[in-house]
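Okay, so here's the structure we're looking at.
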Amino acid sequence: MRATRVLWLLLAALLTGSGAWGGWAIDRESYGEATLLEDGFESGDLRAWSSTTQSILDLPPYADQSEIAGLLWPFCDSSDCPSPLQTHDGLDFTPNQNLAVFHAAAPGLVTNVDPYFNPGNGYWQVNVAVDYAHDHTHGLNYAFEPMGDSTADRDAQLEWIDVVEGQVVALGDVIGRLVVVGEHAHLHFGLFEDWDQVCPEPFMSEAVRTELRDLIQSEPGHEDWEICN
């Protein structure tokens with residue numbers, strides 16, 4: 001069953017011609033708000049969202065904190081970024097075991113599942129995009145980075161992606177499991193606003209914000225780091 005899904009995902013990637021971050025391969029408007037309602041979302045205007053009254057990220061992207069070794073790198077777009085990358089457009093979560101589970105931090109529509117060879121580091125990754133259910137402005141990206149350079153590593157990660165394009169996910173539904181191939185395997189998690197990746201912290205519930213801040217500051221030498229810098 002998983003092998004069949006890998007073949008379909010590879011074919012979809014070739015047909016969509018997606019790039020480093022494939023983005024929104026499916027047009028959510030054409031998919032239809034009615035379909036989202038039929039798939040279990042509450043009735044009403046799904047686009048009616050206000051940052052002053054409702055958070056987007058009501059869960060962290062990992063399912064079980066005991067499977068997470070740490071939050072390796074924060075979001076950073078400033079000149080004093082603590083990361084050696086200088087800038088970093090998301091949050092990197094490192095697992096302490098193989099096949100750590102990552103789930104939907106917000107409900108939405110899976111618009112892209114994209115295996116991609118990153119020329120920057122020479123490794124395969126699998127990108128999953130989720131369009132936030134309650135507006136047409138925000139989206140989440142999950143980049144599963146096992147740190148493997150072979151097509152076998154790519155296919156191994158694809159086997160453990162639990163969603164397909166066009167699937168509606170509820171809060172907490174499993175997105176996939178991270179295959180650990182090489183050192184520094186991680187899940188890169190980011191949030192889009194109007195097609196730009198932005199600091200996710202303002203969109204977190206207070207509980208998620210506190211949990212992730214504690215996670216990143218628990219690393220030796222990172223005591224003064226923030227989720228976004």
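In the structure tokens, each chain is lettered A, B, ... as it comes, each chain's residues begin at 1, and ligands are numbered from 1 in order of appearance.
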
Kindly provide the residues of stretch 56-103 of chain A that approach stretch 160-176 of chain A to within 9 Å, each paired with its closest atom pair and their distance in Å to one decimal, based on only C-alpha atoms, listed by chain and increasing number, as CSV.
residue,atom,partner,partner_atom,distance
A:Asp58,CA,A:Leu171,CA,8.0
A:Leu59,CA,A:Gly172,CA,7.4
A:Pro61,CA,A:Gly172,CA,8.6
A:Ala63,CA,A:Gly172,CA,7.5
A:Leu99,CA,A:Trp160,CA,8.0
A:Ala100,CA,A:Gly176,CA,8.5
A:Val101,CA,A:Gly176,CA,6.1
A:Phe102,CA,A:Gly176,CA,5.6
A:His103,CA,A:Val174,CA,4.1

Export, as a JSON list (two decimals), in the first residue's frame, the selected residues with N, CA and C atoms.
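This is the output file selection_2.json:
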[["chain", "number", "residue", "atom", "x", "y", "z"],
["A", 58, "ASP", "N", -2.75, 25.55, 17.14],
["A", 58, "ASP", "CA", -3.26, 25.12, 18.45],
["A", 58, "ASP", "C", -2.55, 23.88, 18.97],
["A", 59, "LEU", "N", -1.66, 23.31, 18.16],
["A", 59, "LEU", "CA", -0.81, 22.20, 18.58],
["A", 59, "LEU", "C", 0.59, 22.45, 18.02],
["A", 61, "PRO", "N", 3.88, 21.01, 15.94],
["A", 61, "PRO", "CA", 3.84, 20.10, 14.79],
["A", 61, "PRO", "C", 4.17, 18.65, 15.11],
["A", 63, "ALA", "N", 3.74, 15.14, 17.38],
["A", 63, "ALA", "CA", 2.64, 14.51, 18.10],
["A", 63, "ALA", "C", 2.98, 14.20, 19.55],
["A", 99, "LEU", "N", 11.28, 7.52, 12.89],
["A", 99, "LEU", "CA", 9.84, 7.54, 12.66],
["A", 99, "LEU", "C", 9.07, 8.33, 13.71],
["A", 100, "ALA", "N", 9.64, 9.43, 14.16],
["A", 100, "ALA", "CA", 8.88, 10.34, 15.04],
["A", 100, "ALA", "C", 7.69, 10.87, 14.25],
["A", 101, "VAL", "N", 6.55, 11.00, 14.93],
["A", 101, "VAL", "CA", 5.29, 11.38, 14.28],
["A", 101, "VAL", "C", 5.12, 12.89, 14.30],
["A", 102, "PHE", "N", 4.74, 13.45, 13.15],
["A", 102, "PHE", "CA", 4.39, 14.86, 13.04],
["A", 102, "PHE", "C", 2.96, 14.97, 12.52],
["A", 103, "HIS", "N", 2.21, 15.88, 13.12],
["A", 103, "HIS", "CA", 0.79, 15.93, 12.82],
["A", 103, "HIS", "C", 0.35, 17.36, 12.47]]

Q: Extract, using only C-alpha atoms, all DNA, RNA and protein residues at most 9 Å from A:Phe144, discarding same-chain residues fewer than 4 positions from it, and format them as a PyMOL selection string.
A: chain A and resi 124-128+157+161+176-179+185-189

Q: Name the residues in contact with stretch 190-197 of chain A at a cut-off of 6 Å, using only C-alpha atoms, excluding same-chain residues fewer than 2 positions from it; report them as a ChimeraX atom specification.
A: /A:90,137-141,200

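The coordinates place atom CA of A:Gln217 at 27.8 Å from atom CA of A:Pro107.
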
Q: Record the distance separating atom CA of A:Asn229 and atom CA of A:Pro60, expressed in Å with one decimal.
A: 18.7 Å

**Q.** Filtered DSSP result for stretch 107-164 of chain A, state helix (DSSP H, G or I), as a PyMOL selection string
**A.** chain A and resi 151-159

Generate the output file for the selected residues, N, CA and C atoms, as an mmCIF file, in the first residue's frame.
data_model
loop_
_atom_site.group_PDB
_atom_site.id
_atom_site.type_symbol
_atom_site.label_atom_id
_atom_site.label_comp_id
_atom_site.auth_asym_id
_atom_site.auth_seq_id
_atom_site.Cartn_x
_atom_site.Cartn_y
_atom_site.Cartn_z
ATOM 1 N N THR A 151 17.946 7.929 -4.058
ATOM 2 C CA THR A 151 16.525 7.807 -4.344
ATOM 3 C C THR A 151 15.858 6.799 -3.413
ATOM 4 N N ALA A 152 16.637 5.851 -2.918
ATOM 5 C CA ALA A 152 16.088 4.908 -1.928
ATOM 6 C C ALA A 152 15.732 5.650 -0.645
ATOM 7 N N ASP A 153 16.558 6.624 -0.251
ATOM 8 C CA ASP A 153 16.249 7.439 0.929
ATOM 9 C C ASP A 153 14.995 8.269 0.683
ATOM 10 N N ARG A 154 14.895 8.832 -0.522
ATOM 11 C CA ARG A 154 13.698 9.595 -0.885
ATOM 12 C C ARG A 154 12.447 8.732 -0.774
ATOM 13 N N ASP A 155 12.512 7.522 -1.364
ATOM 14 C CA ASP A 155 11.344 6.648 -1.365
ATOM 15 C C ASP A 155 11.000 6.165 0.043
ATOM 16 N N ALA A 156 12.036 5.967 0.860
ATOM 17 C CA ALA A 156 11.785 5.541 2.241
ATOM 18 C C ALA A 156 10.997 6.615 2.989
ATOM 19 N N GLN A 157 11.347 7.896 2.753
ATOM 20 C CA GLN A 157 10.599 8.966 3.418
ATOM 21 C C GLN A 157 9.184 9.079 2.862
ATOM 22 N N LEU A 158 9.051 8.949 1.545
ATOM 23 C CA LEU A 158 7.724 9.018 0.936
ATOM 24 C C LEU A 158 6.786 7.945 1.481
ATOM 25 N N GLU A 159 7.327 6.791 1.782
ATOM 26 C CA GLU A 159 6.502 5.703 2.319
ATOM 27 C C GLU A 159 5.851 6.081 3.643
#
